Amino acid sequence: MAPFAWTIRGNVNRFFVDAQILQYLIVLAGLFNLSLCLYEDQVGKFDWRQNYVGKITFASFDTVSTAKKIIVATEENVIAAFNLKSGQIIWRRVLEKGGHIRTLGGVADGDLISVSGGVPAIVRAWDLATGHILNEWPIAEQNTDRIKDVKWHIKDGTLHHILPIYNSGVEVTSYDSKTGEKLKTRRVSAPFISQETECVLAAPYLACLKGDSSLALVLLVHLFDTNAQPQSVTINTIFGAGAQGPYKLESVLGEEPVISINADNDQRKRILAVIGELPIPIQRDIAGDATLYVVSIDNEKVLLETTYKNGKIEIAATDLSSSAPLPDLSVTLTHTSLQSPTIMASVCPRQTKGITCRHLLSSQDHSISLLQHNKLVWTREEALASIVAVEIIELPMSDRDQAIETEFDQKERDVLSMFLRRITSQINQAKAFFQTILDLGPQQSNQRIDLVRDKFGLHKMIIAVTSAGKLYGIETRKGEIIWQLRLPNIRGFTKLSNTMILYVQRGSRHFPHPPQCALLAEDKETGEGVVYTFNPITGQPLDGLVKLGYKIKQSMLLHVTTDDFLRGILILDARNKVHVYPDSAIAVAASLGKSTYLFTADQTTGILSGFSLSYSTTQELIAHKVWELLLSPRNQKITQVVAKNPIERVHSQGRVLSDRSVLYKYINPNLVAVVTEGIGHAHKNTLNLYLLDVVSGAMIFSITHKRVRGPIHIVHSENWLVYGYFNEKGRRTEIATLELYEGKIQSNTTVFSSLATTKLPIVERQAFIFPASIEYMQETITEKGITSKHIIVALANGGILELPWMMVDPRRPTNPEMREEGVIPYMPEIPIHMDAIINYNQSVSRVMGIHTSPSGLESTCLVFVHGLDLFYTRVAPSKTFDVLKEDFDYYLIVIVLAALLISSYITKKLASQKAQKQAWK
Amino acid sequence: MYLFYVIVGVLFCVSYADFVRESELDYDGWLQLRLWQAFNDDPMPVFTERGNITVSSVRSGASVVGQNGLLPAQISALKNLAEHDGKYRLKVLARTSSGSEITFLSSVPACYLLGSDLEDIITIWLDSAAEPIAVSISSLGPCILDNPFTNMWTTNVVVRYPDGGPIPDTAMYIQKLEREREARERGETKDNRSFLAKYWMYIVPALIFLLLSSATNPEAAAGGSAQRQ
């Protein structure tokens, strides 16, 4: 019996031990089932997100809630609340795309009402504390053609819709702002209003300017008093005699009915204040470029004049009626991040210490700052909400590496001089070493210590150009802004939907030459081209702003560098003349002339032309037209012209089929996809895609989709294209892919020539249903092109999806019998896996672009998403095959290796001993 | 006197039947092309008349080509152009049945024309409204600087129009699923995989379990041996 009991106990014991092992096994199996997604502790380790709101149009201090904050509405159609102390976003609501917020009000009464859109206008009531929407109702517009003249006013929970009616009066319709109930409609008589009359709202008045000469009149109509007669003030009573037109009427921001009138070509202005029902002109000249704001302090009205001169901001406060200066409230301040600011909102509460004013400033570069008395509390760089061009470039080497580089980077190879250099550099190294030991060495470095290249090239610098003409250098580790600078008087190319072009002329690898970037843009006044060159690491200008004196039609970066590793920029001007920037690159450009081609596409005329530079001499570059074709603007409109990424490399030349034969890819670097959308009744809702060889001018392929609608997002890479569109018939988003193959024989094994290849490629095609709406698409790129390609898709719901190209492979077989290796059978719908959303819960709104850049690691691609928010992360499409895991056990492998080595040595010895013994036997 | 006027009727039947799944061309019409050529080795082309092409039906691609032969002076100009690695330029004025006139420019390296004995391919690309969008010249080559055997053009005219875009193939997929479901219902799905292939997911854990339990239970083994002693 005893042994039996023992066995049972043993068995139970054994069972427990086994259960434990099983548990471990399950955990282990779970670990091996690695997916694309992040672990919780990896959140924010490789990625960062920054939220922005855009350029503000309306702002208001919320002083009624317990938590003080600032409410803003912006050009991007966003309503947000900022923390008063830190400037951080408390809440943000992104409204519909393309809409405009017409007015924002009611904050003083503890509720927030916004009116946005046109036909119909949408009125929303918001909860101030949380930003939740409380109510939403539309106003059907009666006169849809006069939507621009409609003015809105919110007062005491009532919303007034104000529309001047020509030669008759002003129609004021009032609604309850919370429920949308129509309260009453009244018409105030103002027969002088005609189409030419300029009117501004200075509640409760509507101020209109009639006439243009010195006899001009400013008329004030009280909107809420139907019995009141319009009051008129002549220009002469405001300015005195001698003021010259044209006059410009403006309403002064603030709660009071004050208007300003500009005269003498905006050289000076005066204001007209309504004090106690009577319009009183203030007889004091104000500088024409000053911006005004009226704030009330203890029932006293104070006028704030903001002027900006030579980097100095001056806010002069005066009593509105008496014009007596109030030096206590005036501020003079110099700050680099403030440029021509305007007071958007101001509040001056009386506290125990006295009156302290807070001003919310909006600068010309779209930045928002809070000024408390004369101290800048915080600044937000809202220009980053409208990035137009991005480059990601490598950081330079550390000072030590640079010293080594200088040692070896010498042109003369004389033994003695090299020896001397070696000795001096070693002395320098020794000196530096002792200095660091004794801790007295001055930091000679002019760069930050952490801004150096890392081992894997993962730490880089993002250069962002914004539509406000402001440039930023952002490091990628934390998203910190390293430098910023603003170029006044530039704008994006109007023909290119206001984009600017950023070229990297020299990377960071050519020490001692500094890296160089060039920005191509248009001059704001003349529309002619400008080039601005700068050091992308420090933000220092190199050649500064160069005005080119001609309009830029096309530009291109040369692929061959000059002696100092600088890549020139070829520019084609509006008269088809070619220029090179800088001039030193002209010899290089001319030597490449025989093989240099440019092409242009004009959206308005539909003409596409190709130019060759083969007749260029070393003195002058001559472009002559070699092909021209016409996508008739009567039938279609060019919406996109997409070339491949010039730094892309294709690693594999073909694809192995199931019968072990190779299907060669058609890899034409000169291939450009031109997308047009049909116009007119018959061709509406058609999408055409043309593949064009821009060197020979030969059309390669064309495809038409009927009953589909844009916006079209397209990715062109290697030998394939992926594009997304909306199918009207199926009412769904679809993704179509094209893949180009040369066939089973490769026509050109060494180098591809567009002129020698006449055979058209085989085009594989397939379409898929995509169960989400697409905002932008971009492919991943790696250094050598070995890693498989993924497509980064920005979705309308704020997610960023990493879609393997394998999922949209047009060779996915519909017939399961025809399977090829590594090809998934066809399924009409592409599933969206939540673990392929690379920004997990960090939603991004209004994505405008995605920039991908290779890192130093072949497996890893850097992704920068911009729009209203910025998001940066890195992706590894084929997993991190070239990096060891972070928790890799180095000791274990060393011990194992050592043990193996020793054991092999010992066994060898033993074996030889044994052999010896055997031999003796 | 050296002028030859040759009419080369090339009936080019577009053999697309296996290639284009669906013709996106809703209209048929004719096209008249007038051709001018430039041999000069200069950025500004000097065009001389070459001939004309009439495409009587854009849908079938049937065309008639009428063009002059080359004069000896023109051939030497072409040779000179080829020696300087220059391009032969062709200007085309296309008139369509809808009455619009469109000018196209195209070019081909001159040496390719010499190498192929003045054989060229003129490709006319139409958009979905049957309007020409591109007329381009190409030649198979090779790039040779010898005199051509003939002074006559051999011109092939190809008319191409856009393919229909792919649409997600839902019908077939649903059919496939239906078939599978029906087969499963009828129980006809004969699983002809081997025993191992079918049940490996049960066998492998059991094996591991067995292996581990025997390997990591020294006390049982020790106990066993102790008992035997």
# chains A, B, ... in the order shown; residues from 1 in each chain; ligands from 1

$ interface_residues --of "chain A" --to "chain B" --cutoff "7 Å" --atoms "only C-alpha atoms" --output "number ranges by chain"
A: 18, 615, 624, 626-631, 697-698, 702-705, 736, 758, 765-769, 827-828

$ select_by_dssp --residues "range 27-215 of chain B" --states "alpha helix (DSSP H)" --output "ChimeraX atom specification"
/B:72-83,110-115,170-185,195-215

$ atom_distance --atom1 "CA of Leu687 in chain A" --atom2 "CA of Thr733 in chain A"
13.8 Å

$ residues_around --residues "Gly51 in chain B" --least-positions-apart "6" --cutoff "12 Å" --atoms "only C-alpha atoms" --output "list of chain:residue names"
B:Phe4, B:Tyr5, B:Val6, B:Ile7, B:Val8, B:Gln32, B:Leu33, B:Arg34, B:Leu35, B:Trp36, B:Gln37, B:Val64, B:Val65, B:Gly66, B:Gln67, B:Asn68, B:Gly69, B:Leu70, B:Leu90, B:Lys91, B:Val92, B:Leu93, B:Met152, B:Trp153, B:Thr155

$ closest_residue --among "A:Glu821, A:Glu742, A:Glu305, A:Glu394" --to "Gly654 in chain A" --atoms "only C-alpha atoms"
A:Glu742

$ closest_residue --among "B:His84, B:Arg95, B:Arg179, B:Lys198" --to "Ala110 in chain B" --atoms "only C-alpha atoms"
B:His84

$ atom_distance --atom1 "CA of Leu613 in chain A" --atom2 "CA of Ser717 in chain A"
26.4 Å

$ closest_residue --among "B:Gln74, B:Asn156, B:Gln175, B:Ser194" --to "Gly61 in chain B" --atoms "only C-alpha atoms"
B:Asn156

$ atom_distance --atom1 "CA of Ile714 in chain A" --atom2 "CA of Glu739 in chain A"
13.5 Å

$ closest_residue --among "A:Leu416, A:Ile282, A:Ile70, A:Leu215" --to "Leu320 in chain A" --atoms "only C-alpha atoms"
A:Ile282

$ residues_around --residues "Gln426 in chain A" --least-positions-apart "6" --cutoff "12 Å" --atoms "only C-alpha atoms" --output "mmCIF file with N, CA, C and O atoms, in the first residue's frame"
data_model
loop_
_atom_site.group_PDB
_atom_site.id
_atom_site.type_symbol
_atom_site.label_atom_id
_atom_site.label_comp_id
_atom_site.auth_asym_id
_atom_site.auth_seq_id
_atom_site.Cartn_x
_atom_site.Cartn_y
_atom_site.Cartn_z
ATOM 1 N N ARG A 400 34.943 64.458 -33.214
ATOM 2 C CA ARG A 400 36.078 63.533 -33.221
ATOM 3 C C ARG A 400 36.183 62.816 -34.556
ATOM 4 O O ARG A 400 37.251 62.722 -35.146
ATOM 5 N N ALA A 403 37.486 65.102 -37.164
ATOM 6 C CA ALA A 403 38.937 65.292 -37.118
ATOM 7 C C ALA A 403 39.634 64.161 -37.863
ATOM 8 O O ALA A 403 40.580 64.389 -38.623
ATOM 9 N N ILE A 404 39.123 62.945 -37.688
ATOM 10 C CA ILE A 404 39.722 61.795 -38.382
ATOM 11 C C ILE A 404 39.507 61.944 -39.889
ATOM 12 O O ILE A 404 40.405 61.688 -40.684
ATOM 13 N N GLU A 407 41.858 64.237 -41.446
ATOM 14 C CA GLU A 407 43.193 63.675 -41.522
ATOM 15 C C GLU A 407 43.378 62.903 -42.824
ATOM 16 O O GLU A 407 44.432 62.972 -43.454
ATOM 17 N N PHE A 419 52.758 62.409 -43.029
ATOM 18 C CA PHE A 419 53.354 62.076 -41.740
ATOM 19 C C PHE A 419 53.175 63.247 -40.762
ATOM 20 O O PHE A 419 52.780 63.058 -39.625
ATOM 21 N N LEU A 420 53.460 64.441 -41.276
ATOM 22 C CA LEU A 420 53.291 65.642 -40.450
ATOM 23 C C LEU A 420 51.847 65.774 -39.969
ATOM 24 O O LEU A 420 51.578 66.070 -38.813
ATOM 25 N N ALA A 432 43.380 67.329 -26.651
ATOM 26 C CA ALA A 432 41.944 67.296 -26.350
ATOM 27 C C ALA A 432 41.655 66.322 -25.221
ATOM 28 O O ALA A 432 40.843 66.587 -24.337
ATOM 29 N N PHE A 433 42.392 65.212 -25.244
ATOM 30 C CA PHE A 433 42.193 64.191 -24.226
ATOM 31 C C PHE A 433 42.547 64.746 -22.846
ATOM 32 O O PHE A 433 41.803 64.606 -21.886
#

$ select_by_dssp --residues "range 197-387 of chain A" --states "strand (DSSP E)" --output "PyMOL selection string"
chain A and resi 198-202+205-210+217-222+231-234+248-251+253-254+258-263+268-275+278-281+286-287+291-297+300-309+312-319+331-334+342-347+350-351+354-355+358-362+368-372+375-380+387

$ residues_around --residues "Ile745 in chain A" --least-positions-apart "3" --cutoff "9 Å" --atoms "only C-alpha atoms" --output "PyMOL selection string"
chain A and resi 662-664+742
